[in-house]
Structures are given as structure tokens and as C-alpha cells.
Amino acid sequence: MPNAEFKQLLKEGIDSVANRQGKKVRAVETEIGEALHVSPHTVQRWKRGYTPTDMERVEFIALFCQHQGRVDKGWVQRFLNQAGHPAPNAVMDRLFPKGTNQGVSQELPRVYHNLPPRFGEFIGRETELSRVLEWVENSRWPLAAIEGMGGIGKTSLAIEAAHRCLPGEQLEIVNSFEAVVWTSARDQADFDLSLEQVLDAIAHILDYPYLTQLETEAKMKAIDKLLRNRRTLVIVDNFETITDLSLVKFLEQTPEPSMALITSRYKQLRRVWDIPLYGLTNEETLTLIRRHSHRIGLKMVAGADDEILCRLAAAAGNNPKAVILSLGLIKQKGLPFNSVVDELYQASQIVEEVFDYIFSEAWKLLGEDTRQVLLAMPLFVITASREALSAVSGVTGFDFHKAIEQLVGMSLLEATEALDLSQQRYQMHSLTQAFARNELGVNIALNSIQTNKTSAQKIAQFKRNFYTYFANWGQAKIGSHFWDFVLCSAEKGKDIYQELPNLVISLDWAYEDKAWEAVLALTKIIVHPIYYQGQLEKRIRCSRYGLTAAQKLGHPEDEMWFFLQGLGSVYLLRGDYENAQKYLTKGIQLAKTHNLANGIALGETYLVYMALQAGDLTAAQEHVEQALSYAQSPLFNYRAYQVAGHVARDLHNYEQAKTYYLKSTEFLKGTGYLDTSDVWLGFAQLGTKEYDKAEDHFRHYLETYGKYGNRRVVGMAKLGLAMYYEVQGLYQKAGEFAHEAFELLSRMNAQWELKQVKELKERLDKIEKLA
């Protein structure tokens, strides 16, 4: 039976961690699950009141919530008791020794990072780990390189070292980093990471997304300034595939106090702090063999004598991935341990040939369907869902189930934990991926490199399967209308974001094939989420693809939306009024030609914003009248009435503004659209001197959407609170909120909003001088 008290306590603990660390609750649940080697679904089951049976897990959760959150000693005591811990007092004595202040929650700084999850236990590498930390603590070298052959553990070492350089329980250095920015050439479709992509990643992780819109030279200067002011570790994984020399120069000149770390199969740079990585020690390799054998059910191997296992370690060259792949071979019928070891040993004489031989032997064991699944996997940017991999490979039903079982069992694919098999996702080790590409006859960009027509036809078919699947999947998930993503549920939106890298590459392949139906479907799925992520260049490219497809297919309504929302709104945001006017005009003309009233309303709404930013209130009023008269569906009525409120507020007609804002909210009932009316009502109530109500509206929006809402609107809510404290005579508080608003809006380069903040700051400066 669920324990209601335990349920409430665990919810409080996880919520406290999320609030303190500035993370989503789901992210905290995932973090706990990864640490305890269970899925997030298991953590959510515990949150429903089903207590863990393993008391070590109970202790971990108690310690995690106490250190990472804001729970107190009393919470820990109640949590242990409700979990049925047999010795809660002993745990309390260990967590809160007498005579110390460990029961007092200490505020941890917010940690900015995008490090990949850690899978399994980190084995060995203490010497190499110490060398990384020595570089961080004592070296003046700005750049370090972890170098070694494929599969040797470079990526794992980099991730582990980074975690030990961030604030928290695992911190092992005196001067921690404020942020860690992880980038990897493996995450790119062509396996070639550019300087622009690294700069954009730094901007996003440090929470300055507007910097991604700058030209390269200006962006480099801005990022250089950020790295000088905020101690950041920049990591570039799989460096050996990178061809952008400007990225090399950038990393070599990383400014203090920030540093850069790369991983590479080869020694490529001279001006680096070298961290060479070789095979594990024999003892570490034996530990890995036993633990992995136990995990995959090889009981005889897990319990074998050291002398026997040392033969496998030697044959695999003490290479971690080679060991895991070898155990995958041993697990298959007809391949006894000694036979596999004998065969592997011959190949290990030349280390670089070890994996070739392993893959060759593994390939012989695979049936045609299993090979087909393996060859389809390199098309996926990072991970593949079970359904998608089946569709792209063309292998279905029980045949697919058996193929996956064999590939995972042989460690050729890695599978995530999932309570529901349909939710399982798969990824490939980089070496396995390279082998599969070679068998498929394609290069890292997935272009055919052989004259063999069969190879070229196979990759072409895989690509068609790929973009056809994702076009159909996206439409089934959120719908086929241009605005369906905007109005979909948060859960469906999350699914789209998870597949976004695969959706983007799908669009490119569909466009290459001139598969216009798929292009149009994919652009309507992608156009909104890439905008919300701040990927404006991709938004423009996507919109141009969609515009072309709509024109080819004779879909004037979609063509109109891409003119107005896809292109016009983005150029307006950038302050490029010439292009904004051009695309908005084309969209409105198209809407009028085809009697698409909502399109006219949206175009007129954006023209209101343009007029307001130009200070032309007469034109703004004229466009408002047009927007209100043409708007028909709820979404466009909401937008039209809200912008009408903005105009009324600029005319100091605050009661009318309130009426418009309240009216706008009525149109959103029953939709998933994010309502920002709280903020605008607050400004109107400042105008009517209903100060307490205004404060309530600003705070309500910040409490509801402050962490994850539109950063521009969050900044305006903080501006509203600053103006509230100004009229209350609390100038110090007003200055604090004005500063926060300025920081948020500066990162977005929101000039119209920044102008209002600057005016307030000038008023506050004058008051301070008079005082």
C-alpha cells in the first residue's frame, strides 16, 4: 500500500532540490534515477508513496535532498522513519555528527552545465583523474587534451572530471567552475563541430541566448568577455573529426580564469596539457569484467578465477569498450569463453586492429534483419526510439525484437532503462557507429563513398524511411496545422523536443529529395520549437524550406503563415524592420487574396508592434482596429486583444487596457497556450494606482513561469515589480529588480523593453543623487 506521509515527504525533498538548483522536477528525478541506476519512472513510483526496499537508496535520497535542497534535520528524521529504515538514528548520527553545523542548510550556487549522464560506475583512472584536476588547480595551460585510442574511456574521464570540478558533494578542487559547457562532434550530423556551434553552446549554457544572433566577430568578443568574468570549463569531445582551424585557435587562447578540455583519438596539438589515456590496469579490467558479466547474466565469467579473466583482459588490450564488446560475443551461443579469448588474442598484437576483429566476428553472427537494424542506426543524430529504429530499418514485429535483443546483448547497441519497452531508446558507441557506416558504404556525412549501386540505394532508402517516419510521427503527435505545436500539451511538446535533432536532419534529407509533402509536414512541426530554443538561423532556414514546399504544393494558407510567423516575426525580433515589413506585407497580401482572416489579423498584430516601437501611436491604433476586426479563432483574438491593451496603455487609458487584457484571457480557456496577461494587467494596474493588485499579478507570473517562461516576459514582470517599489518609496528594492530586469532583457537584446528599464534606472539614479 502507498505510504501517504512518505509520498508527501519525498515530494517536498525533490521540490526543494529543484527550487534550490534552478532545475525542473523531472530533471531532479532523472538525476536521482541515474545515480541509483533506476529509471525516472521508478523514482516517480516512489513519489506516489511506494517506498524503496533497498535502504541504501533511502539513505542516498535523504542525503541528496539534504545537501542539494533546503530540507532540514527534522525532515530527514521523518523521511527515514516513514521509509521503514531499521536504524534511522545511526544514519542521523552519520549525517549530522554532534558538535557540527552540518544540519544547517548551506546555500549552493546555481550550477550551469549540460554534461551527459553518467552510466554505470566509474572504474579506475585515479591517476589520470588526478592529472586532470592537477591541470585545473595548478597549471597555467588554458587547454588540456585527453588522448587515446577509440573506446579507451576518454569521454567517461572527461565527464567524471567535470563533475568533480563543480559545486556540490563531489567537488575536489578549491576554486570550482561556475559552469561546464559540453560539446561533441559526435552530436553533429557530419561529425564536424564548428567554432560558431561552440560559441552558441557557451551562450546558451551561460544563459545569454541573444548572443547567438550576433555576427561571428562580435559574438567572439562577447563570449571572450563572458569567459573572463565567469569561470567556465569548455569541453570538446571527439576532437579528432574537427576541421575548423578557427575553433582550434579559440580553444588554445581560452582566457583566464576559464579553461578548455578536449578528447581525441590522436595527438593533434602541441600547446596543450597532455593527459594520455591507455588501457586500464589489470586489476581495474578484472573489476570491469566481473561487474559487466554480472549485469548481463554471465555468471560463470563473473565468478571465474583471475588467471582466466586476465587472458581476456590481455586479448582486449585492457580497452574498456573492447572488453564489453568481447563479453557480448561470449554471451552468444556457440562461442565459449576460451574460444573467443583465443581468437581475440591474435588480433590484440596490433592494438588498432582489435576492434576490427571484434566487429568482424560479431558481424558473422548477425542475421540479415539484425544487420539491417544495425546499419540504420548511424542515421540517428544521438539516440533512436524503438518505433523509429524499426521504421527506418524496415524490420518490424518479432524480427525487430530479436534483432534488438541480439544487438544489445552483444553491446553493439546501448539501451536506456525503461519500465515500458516502447519508451526504450538506443544509442551506439562511436566505434560501433564507424563500423556500421563502413559496412553501409557511407562517410561520416552519410553520403555514399562506393560505386556500388546497392550501397547507394540502401542509404537512399534509409533516408526516405527516416524523413517519412518523422513526418508522420510528428503529425500524429501534435497535428498537421501550422499552429498545432503552440497549442499542444506540455507532454507532447517534450516528445517533440526530444526528437528535435532527428527532426531537423529529416527536414534536410526530405528537402534534398524534393519530397515536398514531407518537407511541409516537418517544417510545421519544427518551426516553433527551434524558435523557442533561440535557434533563429535554423528557424529562418526551416521557414524558407516550408515556404518553398507550400508554393510547390499550392498551399496558400501555409505559405502565408511562413511569411508572417516564420520569417516576418523573426526579422521584427531582430530589429530588421525592412525585411520584417517585406515578409509581413507579402503575408497580408496573400491572406487577403485567399480571404484568410486570421492571417490578416496576425499580420496587423505584428504591424502594431512595429508601430509601437517606432512611436507611431496613430498607426498602431489603426492596425489594432484591423487586427480586432479580422481575428476569428481564439489564438488570434487573444493576440489582437492583448496588443490592443498595449496601445491603450501607451495612451495612458489604463482602464481600457485592463478591459482588453481581461478579454484576451477568455480566448485561451481550454488551450495549452502560455498566457502572459498577468504581467500586462499588472502594468495597467500601476497606471490606475491599484498597486497591491499590480504586485500580485507580477508575482503570480514569476511564481508560475519565472523559471521556465518566456525570458522577455519574465524580465518585464521584474520591471513591473521595480516600478511598484518605486511608487512605494522603496528605492533600493526597486533598483534590485530593475537590475535583474536589465540583465534578463540585455541577454535577449530586447531593445524596446530595455528602453523602459533604462528610463526607470535614470529616475532611480536621480533620486539617489538627491538623497
# chains A, B, ... in the order shown; residues from 1 in each chain; ligands from 1
$ residues_around --residues "segment 378-383 of chain A" --least-positions-apart "5" --cutoff "9 Å" --atoms "only C-alpha atoms" --output "list in words"
Arg186, Asp187, Gln188, Ala189, Leu389, Val392, Arg425, Tyr426, Gln427, Met428, Gln433, Ala434, Ala436, Arg437, Ile444, Leu446, Phe462, Lys463, Phe466, Glu499, Pro501, Asn502 and Ile505 of chain A
$ select_by_dssp --residues "segment 213-458 of chain A" --states "alpha helix (DSSP H)" --output "number ranges by chain"
A: 216-229, 245-252, 282-296, 299-302, 306-315, 320-331, 337-347, 354-365, 368-376, 386-393, 397-409, 430-440, 453-458
$ select_by_dssp --residues "segment 29-148 of chain A" --states "strand (DSSP E or B)" --output "compact mmCIF listing (two decimals) with N, CA, C and O atoms, in the first residue's frame"
# COMPACT_ATOMS: atom_id res chain seq x y z
N TYR A 112 25.63 25.80 -13.74
CA TYR A 112 25.27 25.80 -15.16
C TYR A 112 26.09 24.71 -15.85
O TYR A 112 27.31 24.78 -15.89
N HIS A 113 25.44 23.69 -16.40
CA HIS A 113 26.17 22.69 -17.18
C HIS A 113 25.19 21.90 -18.03
O HIS A 113 23.98 21.86 -17.77
N LEU A 143 44.54 24.99 -22.11
CA LEU A 143 43.95 23.88 -22.84
C LEU A 143 44.62 22.57 -22.46
O LEU A 143 45.84 22.49 -22.37
N ALA A 144 43.79 21.54 -22.22
CA ALA A 144 44.30 20.20 -21.94
C ALA A 144 43.65 19.23 -22.91
O ALA A 144 42.56 19.48 -23.43
N ALA A 145 44.35 18.11 -23.15
CA ALA A 145 43.84 17.11 -24.10
C ALA A 145 43.93 15.72 -23.49
O ALA A 145 45.00 15.29 -23.05
N ILE A 146 42.78 15.02 -23.44
CA ILE A 146 42.76 13.60 -23.06
C ILE A 146 42.86 12.83 -24.37
O ILE A 146 41.99 12.92 -25.23
N GLU A 147 43.94 12.07 -24.51
CA GLU A 147 44.22 11.43 -25.79
C GLU A 147 44.35 9.92 -25.63
O GLU A 147 44.94 9.44 -24.66
$ residues_around --residues "Ala591 of chain A" --least-positions-apart "6" --cutoff "7 Å" --atoms "only C-alpha atoms" --output "ChimeraX atom specification"
/A:560,597,599-600
$ write_last_selection --atoms "N, CA and C atoms" --output "mmCIF file, in the first residue's frame"
data_model
loop_
_atom_site.group_PDB
_atom_site.id
_atom_site.type_symbol
_atom_site.label_atom_id
_atom_site.label_comp_id
_atom_site.auth_asym_id
_atom_site.auth_seq_id
_atom_site.Cartn_x
_atom_site.Cartn_y
_atom_site.Cartn_z
ATOM 1 N N MET A 560 1.294 31.589 -46.385
ATOM 2 C CA MET A 560 1.029 32.830 -45.643
ATOM 3 C C MET A 560 1.630 32.775 -44.236
ATOM 4 N N ALA A 597 -8.820 35.373 -42.893
ATOM 5 C CA ALA A 597 -8.979 36.475 -41.943
ATOM 6 C C ALA A 597 -7.982 36.414 -40.792
ATOM 7 N N GLY A 599 -5.003 35.262 -40.788
ATOM 8 C CA GLY A 599 -3.696 35.696 -41.280
ATOM 9 C C GLY A 599 -3.592 37.206 -41.332
ATOM 10 N N ILE A 600 -4.667 37.860 -41.797
ATOM 11 C CA ILE A 600 -4.666 39.329 -41.807
ATOM 12 C C ILE A 600 -4.531 39.843 -40.388
#
$ closest_residue --among "A:Arg290, A:Lys321, A:Lys494, A:Lys669" --to "Lys154 of chain A" --atoms "only C-alpha atoms"
A:Lys321
$ residues_around --residues "Leu744 of chain A" --least-positions-apart "3" --cutoff "6 Å" --atoms "only C-alpha atoms" --output "PDB file with C-alpha atoms, in the first residue's frame"
ATOM      1  CA  GLY A 715      12.123  40.488 -17.443  1.00  0.00           C
ATOM      2  CA  ALA A 741      15.183  43.037 -15.435  1.00  0.00           C
ATOM      3  CA  ARG A 747      20.709  38.827 -22.812  1.00  0.00           C
TER       4      ARG A 747
END
$ closest_residue --among "A:Ser194, A:Thr212, A:Asn319, A:Ser448" --to "Ser246 of chain A" --atoms "only C-alpha atoms"
A:Ser194
$ closest_residue --among "A:Glu134, A:Lys492, A:Gly441, A:Tyr705" --to "Gln457 of chain A" --atoms "only C-alpha atoms"
A:Gly441
$ residues_around --residues "segment 272-283 of chain A" --least-positions-apart "3" --cutoff "8 Å" --atoms "only C-alpha atoms" --output "list in words"
Gly124, Arg125, Glu128, Arg131, Val132, Trp135, Trp141, Pro142, Leu143, Ala144, Ala145, Ile146, Glu147, Gly148, Met149, Ile152, Gly153, Lys154, Glu252, Leu269, Leu286, Thr287, Cys310, Ala313, Gly317, Asn318, Asn319 and Pro320 of chain A
$ residues_around --residues "Pro529 of chain A" --least-positions-apart "5" --cutoff "9 Å" --atoms "only C-alpha atoms" --output "PyMOL selection string"
chain A and resi 485-486+493+496-497+500+534-535+539
$ write_last_selection --atoms "N, CA and C atoms" --output "tab-separated table (two decimals), in the first residue's frame"
chain	number	residue	atom	x	y	z
A	485	PHE	N	1.60	22.90	-32.76
A	485	PHE	CA	2.60	22.77	-31.69
A	485	PHE	C	2.37	23.80	-30.59
A	486	VAL	N	2.02	25.01	-30.97
A	486	VAL	CA	1.82	26.09	-30.00
A	486	VAL	C	0.73	25.75	-28.99
A	493	GLY	N	4.79	18.32	-26.25
A	493	GLY	CA	5.88	19.22	-26.60
A	493	GLY	C	7.22	18.65	-26.19
A	496	ILE	N	8.44	16.19	-28.72
A	496	ILE	CA	8.98	16.85	-29.92
A	496	ILE	C	10.41	17.33	-29.66
A	497	TYR	N	10.63	17.96	-28.49
A	497	TYR	CA	11.97	18.45	-28.17
A	497	TYR	C	12.99	17.31	-28.11
A	500	LEU	N	13.99	16.52	-31.60
A	500	LEU	CA	14.28	17.68	-32.45
A	500	LEU	C	15.52	17.50	-33.33
A	534	GLY	N	15.68	29.47	-29.35
A	534	GLY	CA	16.56	30.57	-29.74
A	534	GLY	C	17.41	30.28	-30.96
A	535	GLN	N	17.06	29.24	-31.73
A	535	GLN	CA	17.83	28.89	-32.93
A	535	GLN	C	17.25	29.64	-34.14
A	539	ARG	N	15.49	28.60	-37.67
A	539	ARG	CA	14.09	29.00	-37.88
A	539	ARG	C	13.92	29.61	-39.29
$ residues_around --residues "Gln213 of chain A" --least-positions-apart "4" --cutoff "9 Å" --atoms "only C-alpha atoms" --output "list in words"
Asp200, Pro209, Lys219, Gly534, Gln535, Leu536, Glu537 and Arg574 of chain A
$ atom_distance --atom1 "atom CA of Phe683 of chain A" --atom2 "atom CA of Asp650 of chain A"
10.6 Å
$ closest_residue --among "A:Phe6, A:Phe250, A:Tyr571, A:Phe562" --to "Trp46 of chain A" --atoms "only C-alpha atoms"
A:Phe6
$ closest_residue --among "A:Ser677, A:Thr183, A:Thr704, A:Gln732" --to "Gln197 of chain A" --atoms "only C-alpha atoms"
A:Thr183
